[in-house]
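Structure data (mmCIF, C-alpha atoms) from my_file-v8.cif:
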data_work
#
loop_
_atom_site.label_atom_id
_atom_site.label_comp_id
_atom_site.auth_asym_id
_atom_site.auth_seq_id
_atom_site.Cartn_x
_atom_site.Cartn_y
_atom_site.Cartn_z
CA MET E 983 22.60 -12.36 13.62
CA ALA E 984 20.47 -12.60 16.72
CA ARG E 985 22.29 -14.55 19.41
CA PRO E 986 20.21 -17.35 20.90
CA THR E 987 19.51 -16.39 24.48
CA ASN E 988 18.29 -18.27 27.53
CA ARG E 989 20.26 -21.35 26.65
CA PRO E 990 21.04 -23.48 29.71
CA LEU E 991 24.57 -22.78 30.96
CA SER E 992 26.85 -25.38 32.45
CA PRO E 993 26.10 -25.65 36.17
CA PHE E 994 22.33 -25.52 35.67
CA MET E 995 21.86 -29.25 36.27
CA PHE E 996 23.49 -29.50 39.61
CA PRO E 997 21.30 -28.62 42.51
CA VAL E 998 17.90 -29.32 40.99
CA TRP E 999 18.05 -32.13 38.49
CA TYR E 1000 20.95 -34.27 39.58
CA ARG E 1001 20.92 -36.73 42.44
CA PHE E 1002 24.29 -37.91 43.74
CA GLN E 1003 26.15 -40.38 41.57
CA ILE E 1004 29.70 -41.57 42.11
CA THR E 1005 30.51 -40.90 38.45
CA SER E 1006 29.45 -37.25 38.45
CA ALA E 1007 30.99 -36.64 41.88
CA LEU E 1008 34.33 -38.02 40.66
CA SER E 1009 34.04 -35.98 37.48
CA ILE E 1010 33.76 -32.67 39.32
CA LEU E 1011 36.47 -33.86 41.72
CA HIS E 1012 38.74 -34.39 38.71
CA ARG E 1013 38.33 -30.73 37.82
CA LEU E 1014 38.74 -29.52 41.39
CA THR E 1015 41.95 -31.50 41.89
CA GLY E 1016 43.15 -30.33 38.48
CA VAL E 1017 42.67 -26.69 39.44
CA GLY E 1018 44.33 -27.39 42.80
CA LEU E 1019 47.34 -28.95 41.10
CA ALA E 1020 47.56 -26.02 38.67
CA VAL E 1021 47.77 -23.70 41.69
CA GLY E 1022 50.39 -26.05 43.10
CA SER E 1023 52.60 -25.37 40.07
CA ILE E 1024 53.35 -22.00 41.72
CA LEU E 1025 54.88 -23.86 44.66
CA LEU E 1026 56.74 -26.17 42.31
CA ALA E 1027 58.33 -23.23 40.46
CA TRP E 1028 59.07 -21.50 43.76
CA TRP E 1029 60.74 -24.63 45.12
CA LEU E 1030 62.89 -25.05 41.98
CA ILE E 1031 63.96 -21.39 42.20
CA SER E 1032 64.80 -21.74 45.89
CA VAL E 1033 66.94 -24.82 45.20
CA ALA E 1034 68.78 -22.90 42.45
CA ALA E 1035 69.19 -19.81 44.65
CA GLY E 1036 70.18 -21.78 47.73
CA GLY E 1037 71.10 -20.08 51.02
CA GLU E 1038 68.47 -18.20 52.98
CA LEU E 1039 65.73 -18.54 50.33
CA PHE E 1040 66.02 -22.32 50.33
CA GLU E 1041 66.12 -22.40 54.14
CA ALA E 1042 62.95 -20.29 54.32
CA THR E 1043 61.20 -22.45 51.72
CA HIS E 1044 62.25 -25.60 53.53
CA ARG E 1045 61.02 -24.20 56.85
CA PHE E 1046 57.67 -23.33 55.26
CA LEU E 1047 57.25 -26.73 53.62
CA THR E 1048 58.06 -28.58 56.83
CA SER E 1049 55.84 -26.35 58.98
CA SER E 1050 52.39 -27.65 59.89
CA ILE E 1051 50.74 -25.46 57.21
CA GLY E 1052 53.26 -26.69 54.65
CA ILE E 1053 52.67 -30.34 55.56
CA VAL E 1054 48.88 -29.90 55.34
CA LEU E 1055 49.25 -28.24 51.90
CA LEU E 1056 51.60 -30.96 50.70
CA PHE E 1057 49.21 -33.62 52.01
CA LEU E 1058 46.26 -32.06 50.14
CA TRP E 1059 48.37 -31.76 46.99
CA SER E 1060 49.46 -35.38 47.30
CA VAL E 1061 45.81 -36.51 47.55
CA ALA E 1062 44.92 -34.28 44.57
CA PHE E 1063 47.89 -35.60 42.59
CA PHE E 1064 47.20 -39.30 43.14
CA TYR E 1065 43.48 -38.82 42.54
CA HIS E 1066 44.01 -36.82 39.33
CA LEU E 1067 46.59 -39.36 38.14
CA CYS E 1068 44.37 -42.42 38.75
CA ASN E 1069 41.21 -40.80 37.45
CA GLY E 1070 43.18 -39.39 34.50
CA ILE E 1071 44.16 -42.93 33.53
CA ARG E 1072 40.45 -43.83 33.82
CA HIS E 1073 39.71 -40.97 31.45
CA LEU E 1074 42.36 -42.14 28.99
CA ALA E 1075 40.75 -45.59 29.01
CA TRP E 1076 37.42 -43.96 28.15
CA ASP E 1077 39.11 -41.99 25.37
CA ALA E 1078 40.36 -45.29 23.98
CA GLY E 1079 36.80 -46.60 24.08
CA TYR E 1080 36.88 -48.83 27.16
CA GLY E 1081 34.80 -48.92 30.36
CA PHE E 1082 31.65 -47.09 29.35
CA GLU E 1083 29.20 -49.58 30.90
CA ILE E 1084 27.53 -47.98 33.91
CA ARG E 1085 28.56 -50.86 36.17
CA THR E 1086 32.14 -50.65 34.90
CA ALA E 1087 32.27 -46.87 35.28
CA THR E 1088 31.00 -47.15 38.87
CA ARG E 1089 33.48 -49.88 39.73
CA SER E 1090 36.43 -48.08 38.14
CA GLY E 1091 35.37 -44.99 40.11
CA TYR E 1092 35.59 -46.82 43.42
CA ALA E 1093 38.86 -48.40 42.27
CA VAL E 1094 40.24 -44.90 41.66
CA LEU E 1095 39.25 -43.85 45.19
CA ALA E 1096 40.87 -46.95 46.66
CA MET E 1097 44.08 -46.45 44.67
CA THR E 1098 44.21 -42.79 45.70
CA ALA E 1099 43.95 -43.71 49.37
CA LEU E 1100 46.54 -46.47 49.00
CA LEU E 1101 49.10 -44.40 47.06
CA THR E 1102 48.70 -41.38 49.37
CA MET E 1103 49.18 -43.59 52.41
CA LEU E 1104 52.25 -45.27 50.91
CA ALA E 1105 53.78 -41.90 49.97
CA TRP E 1106 53.39 -40.48 53.48
CA LEU E 1107 54.60 -43.70 55.09
CA CYS E 1108 57.73 -43.18 52.95
CA VAL E 1109 58.10 -39.61 54.24
CA PHE E 1110 57.72 -40.41 57.92
CA PHE E 1111 59.25 -43.88 58.12
CA GLY E 1112 61.38 -44.08 54.95
CA MET W 99 29.47 -44.10 -4.88
CA THR W 100 29.21 -40.58 -6.21
CA LYS W 101 32.08 -38.14 -6.26
CA SER W 102 30.33 -35.46 -4.24
CA ALA W 103 32.67 -33.85 -1.70
CA VAL W 104 31.39 -34.94 1.69
CA PRO W 105 32.92 -32.61 4.30
CA SER W 106 33.78 -35.43 6.69
CA ASP W 107 35.70 -37.24 3.95
CA THR W 108 37.85 -34.28 3.06
CA THR W 109 38.58 -33.30 6.64
CA ALA W 110 38.67 -36.58 8.52
CA LEU W 111 42.46 -36.81 8.68
CA ARG W 112 43.08 -33.20 9.56
CA ASP W 113 43.00 -31.39 12.88
CA GLU W 114 40.48 -28.87 11.64
CA THR W 115 36.95 -30.02 11.12
CA MET W 116 34.04 -28.31 9.51
CA LEU W 117 32.97 -27.40 13.03
CA ARG W 118 35.45 -24.55 12.70
CA HIS W 119 32.98 -22.94 10.36
CA VAL W 120 29.97 -23.48 12.57
CA ARG W 121 28.44 -20.28 13.84
CA GLN W 122 26.05 -19.72 16.73
CA LEU W 123 25.70 -23.32 17.92
CA GLY W 124 28.80 -25.22 18.88
CA SER W 125 32.53 -24.76 18.75
CA ALA W 126 33.96 -22.62 15.99
CA ARG W 127 37.48 -22.39 17.36
CA ASP W 128 40.16 -24.85 18.37
CA GLY W 129 38.44 -27.53 20.42
CA LEU W 130 39.91 -30.58 18.72
CA SER W 131 43.55 -29.56 18.81
CA GLU W 132 43.15 -28.64 22.50
CA TRP W 133 41.52 -32.01 23.14
CA ARG W 134 44.47 -33.77 21.51
CA LEU W 135 47.03 -31.65 23.37
CA GLN W 136 45.29 -32.43 26.67
CA ARG W 137 45.54 -36.20 26.03
CA LEU W 138 49.11 -36.09 24.70
CA THR W 139 50.34 -34.18 27.75
CA ALA W 140 48.29 -36.47 30.01
CA ILE W 141 50.04 -39.55 28.61
CA ALA W 142 53.45 -37.87 28.95
CA LEU W 143 52.66 -36.79 32.50
CA VAL W 144 51.94 -40.32 33.77
CA PRO W 145 55.63 -41.38 33.79
CA LEU W 146 57.04 -37.85 34.23
CA SER W 147 54.94 -36.98 37.29
CA LEU W 148 55.49 -40.38 38.89
CA TYR W 149 59.24 -39.92 38.39
CA PHE W 150 59.12 -36.44 39.93
CA VAL W 151 56.97 -37.42 42.91
CA ALA W 152 59.05 -40.54 43.60
CA SER W 153 62.21 -38.42 43.46
CA VAL W 154 60.77 -35.78 45.79
CA LEU W 155 59.79 -38.52 48.23
CA TRP W 156 63.37 -39.74 48.08
CA LEU W 157 64.61 -36.19 48.70
CA ALA W 158 61.98 -35.45 51.33
CA THR W 159 64.21 -35.87 54.33
CA SER W 160 67.37 -34.46 52.80
CA ASP W 161 68.88 -30.97 52.71
CA ARG W 162 69.72 -28.53 49.94
CA VAL W 163 72.89 -30.22 48.74
CA THR W 164 71.00 -33.35 47.80
CA ALA W 165 68.18 -31.51 45.99
CA ALA W 166 70.64 -29.28 44.10
CA ALA W 167 72.88 -32.23 43.26
CA TRP W 168 69.86 -34.21 42.06
CA LEU W 169 68.73 -31.37 39.76
CA SER W 170 72.20 -30.83 38.31
CA SER W 171 72.39 -34.27 36.73
CA PRO W 172 71.53 -34.11 33.00
CA LEU W 173 68.83 -36.78 33.02
CA THR W 174 67.07 -35.25 36.02
CA ALA W 175 67.31 -31.74 34.58
CA LEU W 176 65.77 -32.93 31.33
CA LEU W 177 62.99 -34.96 32.94
CA VAL W 178 62.03 -32.27 35.47
CA MET W 179 62.02 -29.64 32.73
CA LEU W 180 59.73 -31.82 30.60
CA PHE W 181 57.55 -32.49 33.65
CA VAL W 182 57.14 -28.77 34.37
CA LEU W 183 56.45 -27.86 30.72
CA ALA W 184 54.05 -30.75 30.07
CA GLY W 185 52.32 -30.04 33.40
CA LEU W 186 51.86 -26.34 32.69
CA THR W 187 50.57 -27.06 29.18
CA HIS W 188 48.14 -29.63 30.58
CA ALA W 189 47.03 -27.17 33.29
CA LEU W 190 46.58 -24.40 30.73
CA VAL W 191 44.24 -26.44 28.53
CA GLY W 192 42.39 -27.76 31.58
CA LEU W 193 41.90 -24.36 33.18
CA ARG W 194 40.72 -22.98 29.86
CA SER W 195 38.08 -25.69 29.58
CA VAL W 196 36.92 -24.88 33.12
CA PHE W 197 36.70 -21.19 32.22
CA LEU W 198 34.77 -22.03 29.05
CA ASP W 199 32.14 -23.73 31.19
CA TYR W 200 31.81 -21.17 33.96
CA VAL W 201 32.82 -17.80 32.50
CA HIS W 202 29.97 -16.63 30.34
CA THR W 203 31.24 -13.24 29.17
CA ARG W 204 33.54 -13.14 26.17
CA ALA W 205 35.64 -10.28 27.55
CA ARG W 206 36.17 -12.04 30.89
CA LEU W 207 36.99 -15.28 29.13
CA VAL W 208 39.66 -13.58 27.03
CA ALA W 209 41.05 -11.81 30.10
CA ALA W 210 41.18 -15.03 32.13
CA GLY W 211 42.84 -16.81 29.20
CA LEU W 212 45.50 -14.12 28.91
CA LEU W 213 46.08 -14.21 32.68
CA ILE W 214 46.67 -17.96 32.89
CA ARG W 215 48.83 -17.92 29.77
CA ALA W 216 50.99 -15.19 31.30
CA ALA W 217 51.18 -17.11 34.57
CA ALA W 218 52.15 -20.33 32.77
CA VAL W 219 54.86 -18.60 30.73
CA LEU W 220 56.27 -16.93 33.87
CA LEU W 221 56.22 -20.13 35.94
CA GLY W 222 57.61 -22.21 33.08
CA GLY W 223 60.33 -19.69 32.28
CA ALA W 224 61.35 -19.33 35.92
CA SER W 225 61.42 -23.11 36.44
CA VAL W 226 63.50 -23.72 33.31
CA LEU W 227 65.94 -20.96 34.32
CA ALA W 228 66.29 -22.46 37.80
CA ILE W 229 66.95 -25.94 36.41
CA LEU W 230 69.40 -24.59 33.80
CA LYS W 231 71.28 -22.67 36.48
CA LEU W 232 71.73 -25.82 38.55
CA PHE W 233 72.57 -27.93 35.51
CA LEU W 234 75.04 -25.49 33.93
CA GLY W 235 76.58 -24.51 37.25
CA HIS W 236 77.44 -28.11 37.99
#
Produce structure tokens that represent the structure in this file.
Amino acid sequence: MARPTNRPLSPFMFPVWYRFQITSALSILHRLTGVGLAVGSILLAWWLISVAAGGELFEATHRFLTSSIGIVLLFLWSVAFFYHLCNGIRHLAWDAGYGFEIRTATRSGYAVLAMTALLTMLAWLCVFFG
Amino acid sequence: MTKSAVPSDTTALRDETMLRHVRQLGSARDGLSEWRLQRLTAIALVPLSLYFVASVLWLATSDRVTAAAWLSSPLTALLVMLFVLAGLTHALVGLRSVFLDYVHTRARLVAAGLLIRAAAVLLGGASVLAILKLFLGH
């Protein structure tokens, strides 16, 4: 049972063989935002606990979230969320068999970026002017 | 048409494929069921996450009473609980697929898998307890 060795492992394509394409850039961005959102689930659980505990813990959490670091984190998470949501819907369309043409995939990629910018902007307009 | 048992015919409607039996080259574990779980949770998360984010935006400028009151209503408690659980499940499958691509040692892969599973169970359990406390205490 000799294991095959020297097989190419996942990131081997990136620096040498791949030139930039919107599709591959968005693909890796989907993973990065996914990992970022997974890390964000710690904050989500923490926030839920602080609401349940109330008192000083909630005050401290609220102070942190409304501090400049908190706002920057929340902003990054909001970008990651809207991007992962829009691109996730793009992925679901692919899973259903739609949008595989290169032109279509490129266009839907730019549409995802535009929707991400729009939804993020709308969300933060709600926060500051809502 | 002969009656010979073609593997794809006997397994086409089941979660397990003959790939399970493949050795050396290709997946021999639970790729397909994870793939399905990832898509199912993704579909569930579209409305659930939009509901949660819209609600948090609505709460964004309010104080504790509003957030606690919001979470103590039965519909909210249910939807937020489902959001957290579907989200953690989705994250778990996603993180695992990232690890599968970038962690090349079996022992490290198993360790990383155990770590994120433990983290997900802790975060999920804590979140559900918090929501239940607010809901039952109402």
Using all atoms listed in the file, find each residue of chain W with at least one atom at most 8 Å away from an atom of chain E; report its shortest atom-to-atom pair and that distance in Å (one decimal), sort the rows by chain and rising residue number, and return the result as a Markdown table.
| residue | atom | partner | partner_atom | distance |
| --- | --- | --- | --- | --- |
| W:Gln122 | CA | E:Arg985 | CA | 6.9 |
| W:Arg137 | CA | E:Leu1074 | CA | 7.4 |
| W:Ala140 | CA | E:Gly1070 | CA | 7.4 |
| W:Val144 | CA | E:Leu1067 | CA | 7.0 |
| W:Leu155 | CA | E:Val1109 | CA | 6.3 |
| W:Ala158 | CA | E:Val1109 | CA | 6.4 |
| W:Thr159 | CA | E:Val1109 | CA | 7.2 |
| W:Arg162 | CA | E:Val1033 | CA | 6.6 |
| W:Ala165 | CA | E:Val1033 | CA | 6.8 |
| W:Ala166 | CA | E:Val1033 | CA | 5.9 |
| W:Leu186 | CA | E:Ala1020 | CA | 7.4 |
| W:Ala189 | CA | E:Ala1020 | CA | 5.5 |
| W:Gly192 | CA | E:Gly1016 | CA | 7.4 |
| W:Leu193 | CA | E:Val1017 | CA | 6.7 |
| W:Val196 | CA | E:Arg1013 | CA | 7.6 |
| W:Asp199 | CA | E:Ser992 | CA | 5.7 |
| W:Tyr200 | CA | E:Ser992 | CA | 6.7 |
| W:Leu221 | CA | E:Ala1027 | CA | 5.9 |
| W:Gly222 | CA | E:Ala1027 | CA | 7.5 |
| W:Ala224 | CA | E:Ala1027 | CA | 6.7 |
| W:Ser225 | CA | E:Ala1027 | CA | 5.1 |
| W:Ala228 | CA | E:Ile1031 | CA | 5.1 |
| W:Ile229 | CA | E:Leu1030 | CA | 6.9 |
| W:Lys231 | CA | E:Ala1034 | CA | 6.5 |
| W:Leu232 | CA | E:Ala1034 | CA | 5.7 |
Please dump the current selection as a CSV table (one decimal), keeping the file's coordinate frame; keep C-alpha atoms.
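The resulting file, out-v3.csv, is shown below:
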chain,number,residue,atom,x,y,z
W,122,GLN,CA,26.0,-19.7,16.7
W,137,ARG,CA,45.5,-36.2,26.0
W,140,ALA,CA,48.3,-36.5,30.0
W,144,VAL,CA,51.9,-40.3,33.8
W,155,LEU,CA,59.8,-38.5,48.2
W,158,ALA,CA,62.0,-35.4,51.3
W,159,THR,CA,64.2,-35.9,54.3
W,162,ARG,CA,69.7,-28.5,49.9
W,165,ALA,CA,68.2,-31.5,46.0
W,166,ALA,CA,70.6,-29.3,44.1
W,186,LEU,CA,51.9,-26.3,32.7
W,189,ALA,CA,47.0,-27.2,33.3
W,192,GLY,CA,42.4,-27.8,31.6
W,193,LEU,CA,41.9,-24.4,33.2
W,196,VAL,CA,36.9,-24.9,33.1
W,199,ASP,CA,32.1,-23.7,31.2
W,200,TYR,CA,31.8,-21.2,34.0
W,221,LEU,CA,56.2,-20.1,35.9
W,222,GLY,CA,57.6,-22.2,33.1
W,224,ALA,CA,61.4,-19.3,35.9
W,225,SER,CA,61.4,-23.1,36.4
W,228,ALA,CA,66.3,-22.5,37.8
W,229,ILE,CA,67.0,-25.9,36.4
W,231,LYS,CA,71.3,-22.7,36.5
W,232,LEU,CA,71.7,-25.8,38.6
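The space separating CA of Phe1057 in chain E from CA of Leu1095 in chain E comes to 15.8 Å.
Coordinates place CA of Val1094 in chain E at a distance of 7.9 Å from CA of Arg1072 in chain E.
Here CA of Met179 in chain W stands at a distance of 28.9 Å from CA of Ser1050 in chain E.
Residue neighbourhood of Gln136 in chain W, excluding near-sequence residues (fewer than 3 positions): W:Trp133, W:Thr139, W:His188, at 6 Å, using all atoms listed in the file.
Residues within 10 Å of Ala175 in chain W, counting all atoms listed in the file and excluding same-chain residues fewer than 2 positions away, are Trp168, Leu169, Ser170, Ser171, Pro172, Leu173, Leu177, Val178, Met179, Leu180, Phe181, Val226, Ala228, Ile229, Leu230, Leu232, Phe233 and Leu234 of chain W.
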Produce a file of the selected residues containing C-alpha atoms, as an mmCIF file, keeping the file's coordinate frame.
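So out.cif came out as:
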data_model
loop_
_atom_site.group_PDB
_atom_site.id
_atom_site.type_symbol
_atom_site.label_atom_id
_atom_site.label_comp_id
_atom_site.auth_asym_id
_atom_site.auth_seq_id
_atom_site.Cartn_x
_atom_site.Cartn_y
_atom_site.Cartn_z
ATOM 1 C CA TRP W 168 69.860 -34.210 42.060
ATOM 2 C CA LEU W 169 68.730 -31.370 39.760
ATOM 3 C CA SER W 170 72.200 -30.830 38.310
ATOM 4 C CA SER W 171 72.390 -34.270 36.730
ATOM 5 C CA PRO W 172 71.530 -34.110 33.000
ATOM 6 C CA LEU W 173 68.830 -36.780 33.020
ATOM 7 C CA LEU W 177 62.990 -34.960 32.940
ATOM 8 C CA VAL W 178 62.030 -32.270 35.470
ATOM 9 C CA MET W 179 62.020 -29.640 32.730
ATOM 10 C CA LEU W 180 59.730 -31.820 30.600
ATOM 11 C CA PHE W 181 57.550 -32.490 33.650
ATOM 12 C CA VAL W 226 63.500 -23.720 33.310
ATOM 13 C CA ALA W 228 66.290 -22.460 37.800
ATOM 14 C CA ILE W 229 66.950 -25.940 36.410
ATOM 15 C CA LEU W 230 69.400 -24.590 33.800
ATOM 16 C CA LEU W 232 71.730 -25.820 38.550
ATOM 17 C CA PHE W 233 72.570 -27.930 35.510
ATOM 18 C CA LEU W 234 75.040 -25.490 33.930
#
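Minimum atom-to-atom distances from W:Ala184, W:Thr164, W:His202, W:Leu176 to Ile141 in chain W were compared using only C-alpha atoms, and the lowest value belongs to W:Ala184.
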